[in-house]
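J.: Right, I'll just put the structure down here and ask away after.
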Amino acid sequence: VVQRGDFVLSIGTNGASPIFSRKIKKQLSQQFDAHYESYIAFLQHVRVQYKGQKEVLEEVTNEIYVHMTDEERNETLQQFVNNLFEERN
């Protein structure tokens, strides 16, 4: 299992190759680093705040948000939301 807060990946081969499972776990642990814990918390917050607003929910799944600080994420999201509402008016 690779876990980053609420983000959980499970790896298994049903006993066929524990060595392969460990190898994949190591690769996934490197790919999904510690940034994902705060990113998933950010996604959860956005989902609650912008429920039903598909454009916003899709925007925040862009990989650019993963390695940002919380402040950068919030600023980038706010800019996106402001632009989105300006386009609608």
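Identifiers for the structure tokens are assigned positionally: chains receive A, B, ... in sequence, residues are indexed from 1 per chain, and ligands are indexed from 1 in the order shown.
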Could you list, as an NGL selection string, every residue within 12 Å of Val60 (chain A), counting only C-alpha atoms and ignoring same-chain residues fewer than 2 positions away?

T.: :A and (39-47 or 50 or 53-58 or 62-66 or 68 or 73-78 or 80-81)

J.: Include N, CA, C and O atoms and write out the residues we just selected as a compact mmCIF listing (two decimals), in the first residue's frame.

T.:
```
# COMPACT_ATOMS: atom_id res chain seq x y z
N TYR A 39 -2.23 17.79 -1.76
CA TYR A 39 -3.00 17.96 -2.99
C TYR A 39 -4.38 17.31 -2.87
O TYR A 39 -5.39 17.91 -3.24
N ILE A 40 -4.44 16.12 -2.31
CA ILE A 40 -5.72 15.44 -2.14
C ILE A 40 -6.60 16.20 -1.16
O ILE A 40 -7.82 16.34 -1.37
N ALA A 41 -6.02 16.76 -0.11
CA ALA A 41 -6.78 17.58 0.83
C ALA A 41 -7.34 18.81 0.11
O ALA A 41 -8.50 19.20 0.33
N PHE A 42 -6.53 19.40 -0.77
CA PHE A 42 -6.97 20.54 -1.59
C PHE A 42 -8.15 20.14 -2.48
O PHE A 42 -9.15 20.84 -2.56
N LEU A 43 -8.04 18.98 -3.14
CA LEU A 43 -9.13 18.51 -4.01
C LEU A 43 -10.42 18.31 -3.22
O LEU A 43 -11.50 18.65 -3.71
N GLN A 44 -10.29 17.78 -2.03
CA GLN A 44 -11.47 17.57 -1.20
C GLN A 44 -12.13 18.91 -0.85
O GLN A 44 -13.35 19.05 -0.93
N HIS A 45 -11.32 19.88 -0.47
CA HIS A 45 -11.84 21.21 -0.14
C HIS A 45 -12.54 21.83 -1.35
O HIS A 45 -13.63 22.38 -1.23
N VAL A 46 -11.91 21.74 -2.51
CA VAL A 46 -12.48 22.32 -3.74
C VAL A 46 -13.78 21.63 -4.10
O VAL A 46 -14.75 22.28 -4.50
N ARG A 47 -13.83 20.33 -3.93
CA ARG A 47 -15.05 19.59 -4.26
C ARG A 47 -16.23 20.07 -3.43
O ARG A 47 -17.34 20.23 -3.93
N TYR A 50 -16.92 23.96 -4.50
CA TYR A 50 -17.38 24.20 -5.87
C TYR A 50 -18.22 23.04 -6.41
O TYR A 50 -18.22 22.77 -7.60
N GLN A 53 -19.79 22.49 -10.08
CA GLN A 53 -19.15 23.38 -11.05
C GLN A 53 -18.03 22.60 -11.76
O GLN A 53 -16.87 22.65 -11.38
N LYS A 54 -18.45 21.88 -12.79
CA LYS A 54 -17.58 20.93 -13.47
C LYS A 54 -16.27 21.56 -13.97
O LYS A 54 -15.22 20.94 -13.86
N GLU A 55 -16.34 22.77 -14.50
CA GLU A 55 -15.11 23.40 -15.03
C GLU A 55 -14.06 23.57 -13.94
O GLU A 55 -12.88 23.35 -14.17
N VAL A 56 -14.49 23.96 -12.77
CA VAL A 56 -13.57 24.15 -11.65
C VAL A 56 -13.02 22.81 -11.19
O VAL A 56 -11.81 22.65 -10.98
N LEU A 57 -13.90 21.83 -11.04
CA LEU A 57 -13.47 20.51 -10.58
C LEU A 57 -12.51 19.85 -11.55
O LEU A 57 -11.57 19.16 -11.14
N GLU A 58 -12.70 20.07 -12.84
CA GLU A 58 -11.77 19.54 -13.84
C GLU A 58 -10.45 20.29 -13.81
O GLU A 58 -9.38 19.69 -13.94
N ASN A 62 -5.62 19.20 -12.94
CA ASN A 62 -4.45 19.47 -13.77
C ASN A 62 -3.20 19.25 -12.91
O ASN A 62 -3.10 19.74 -11.80
N GLU A 63 -2.24 18.55 -13.46
CA GLU A 63 -1.03 18.20 -12.71
C GLU A 63 -0.23 19.40 -12.21
O GLU A 63 0.59 19.26 -11.30
N ILE A 64 -0.46 20.57 -12.77
CA ILE A 64 0.30 21.74 -12.31
C ILE A 64 0.03 22.02 -10.83
O ILE A 64 0.87 22.59 -10.15
N TYR A 65 -1.11 21.61 -10.32
CA TYR A 65 -1.47 21.88 -8.94
C TYR A 65 -0.73 20.97 -7.95
O TYR A 65 -0.61 21.30 -6.77
N VAL A 66 -0.25 19.82 -8.39
CA VAL A 66 0.31 18.83 -7.47
C VAL A 66 1.49 19.37 -6.67
O VAL A 66 1.54 19.23 -5.45
N MET A 68 2.52 22.49 -6.24
CA MET A 68 2.39 23.86 -5.74
C MET A 68 2.25 23.85 -4.22
O MET A 68 1.81 22.86 -3.63
N ARG A 73 -1.66 27.09 -4.90
CA ARG A 73 -2.87 26.41 -5.39
C ARG A 73 -4.08 27.32 -5.28
O ARG A 73 -4.86 27.46 -6.22
N ASN A 74 -4.24 27.90 -4.10
CA ASN A 74 -5.40 28.75 -3.87
C ASN A 74 -5.40 29.97 -4.77
O ASN A 74 -6.44 30.36 -5.31
N GLU A 75 -4.23 30.58 -4.97
CA GLU A 75 -4.13 31.75 -5.84
C GLU A 75 -4.43 31.37 -7.29
O GLU A 75 -5.16 32.08 -7.99
N THR A 76 -3.86 30.27 -7.75
CA THR A 76 -4.09 29.82 -9.13
C THR A 76 -5.55 29.48 -9.35
O THR A 76 -6.14 29.84 -10.37
N LEU A 77 -6.16 28.80 -8.39
CA LEU A 77 -7.58 28.46 -8.49
C LEU A 77 -8.43 29.73 -8.52
O LEU A 77 -9.35 29.85 -9.33
N GLN A 78 -8.12 30.68 -7.66
CA GLN A 78 -8.90 31.91 -7.61
C GLN A 78 -8.81 32.66 -8.93
O GLN A 78 -9.82 33.18 -9.42
N PHE A 80 -8.31 31.29 -11.86
CA PHE A 80 -9.11 30.51 -12.80
C PHE A 80 -10.60 30.82 -12.62
O PHE A 80 -11.32 31.05 -13.60
N VAL A 81 -11.06 30.81 -11.39
CA VAL A 81 -12.48 31.05 -11.10
C VAL A 81 -12.87 32.47 -11.53
O VAL A 81 -13.91 32.67 -12.16
```

J.: DSSP on the backbone: what in chain A comes out alpha helix (DSSP H), as a VMD selection string?

T.: chain A and resid 18 to 31 35 to 49 54 to 59 70 to 88

J.: As an exercise, work out the distance from CA of Tyr36 (chain A) to CA of Gln3 (chain A) in Å and give it to one decimal place.

T.: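 Answer for the CA of Tyr36 (chain A) to CA of Gln3 (chain A) separation: 9.2 Å.
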
J.: For the strand (DSSP E) assignment from backbone DSSP, which residues of region 1-87 of chain A qualify? Please present them as a PyMOL selection string.

T.: chain A and resi 2-4+7-9

J.: With only C-alpha atoms as the atoms that count, which of A:Val1, A:Val8, A:Arg88, A:His67 lies nearest to Ser38 (chain A)?

T.: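 When distances to Ser38 (chain A) are compared using only C-alpha atoms, the smallest one comes from A:His67.
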
J.: Just the residues within 9 Å of Lys25 (chain A), please, counting only C-alpha atoms, with nothing from its chain fewer than 3 positions along; format it as a list in words.

T.: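 The residues satisfying every condition are Val1, Val2, Leu9, Ser10, Ile11, Phe20, Ser21, Arg22, Leu28, Ser29 and Gln30 of chain A.
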
J.: Next, dump the selected residues to file, keeping only C-alpha atoms, as a CSV table (one decimal), in the first residue's frame.

T.:
```
chain,number,residue,atom,x,y,z
A,1,VAL,CA,0.0,0.0,0.0
A,2,VAL,CA,1.2,3.5,-0.9
A,9,LEU,CA,-2.9,3.0,-3.8
A,10,SER,CA,-3.0,-0.8,-3.3
A,11,ILE,CA,-0.6,-3.1,-5.1
A,20,PHE,CA,7.2,-7.6,-8.3
A,21,SER,CA,4.7,-6.0,-5.9
A,22,ARG,CA,7.5,-4.4,-3.9
A,28,LEU,CA,4.6,4.4,-7.2
A,29,SER,CA,6.0,5.8,-4.0
A,30,GLN,CA,8.4,7.8,-6.0
```

J.: Just to confirm, what's the straight-line distance from CA of Arg4 (chain A) to CA of His35 (chain A) in Å (one decimal)?

T.: 8.2 Å

J.: A:Phe85, A:Ile24, A:Asp33, A:Glu59: which is nearest Gly12 (chain A), counting only C-alpha atoms?

T.: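 The answer is A:Ile24, which sits nearest to Gly12 (chain A).
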
J.: To one decimal place in Å, what is the distance between CA of Phe32 (chain A) and CA of Gly5 (chain A)?

T.: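 It comes out at 11.5 Å.
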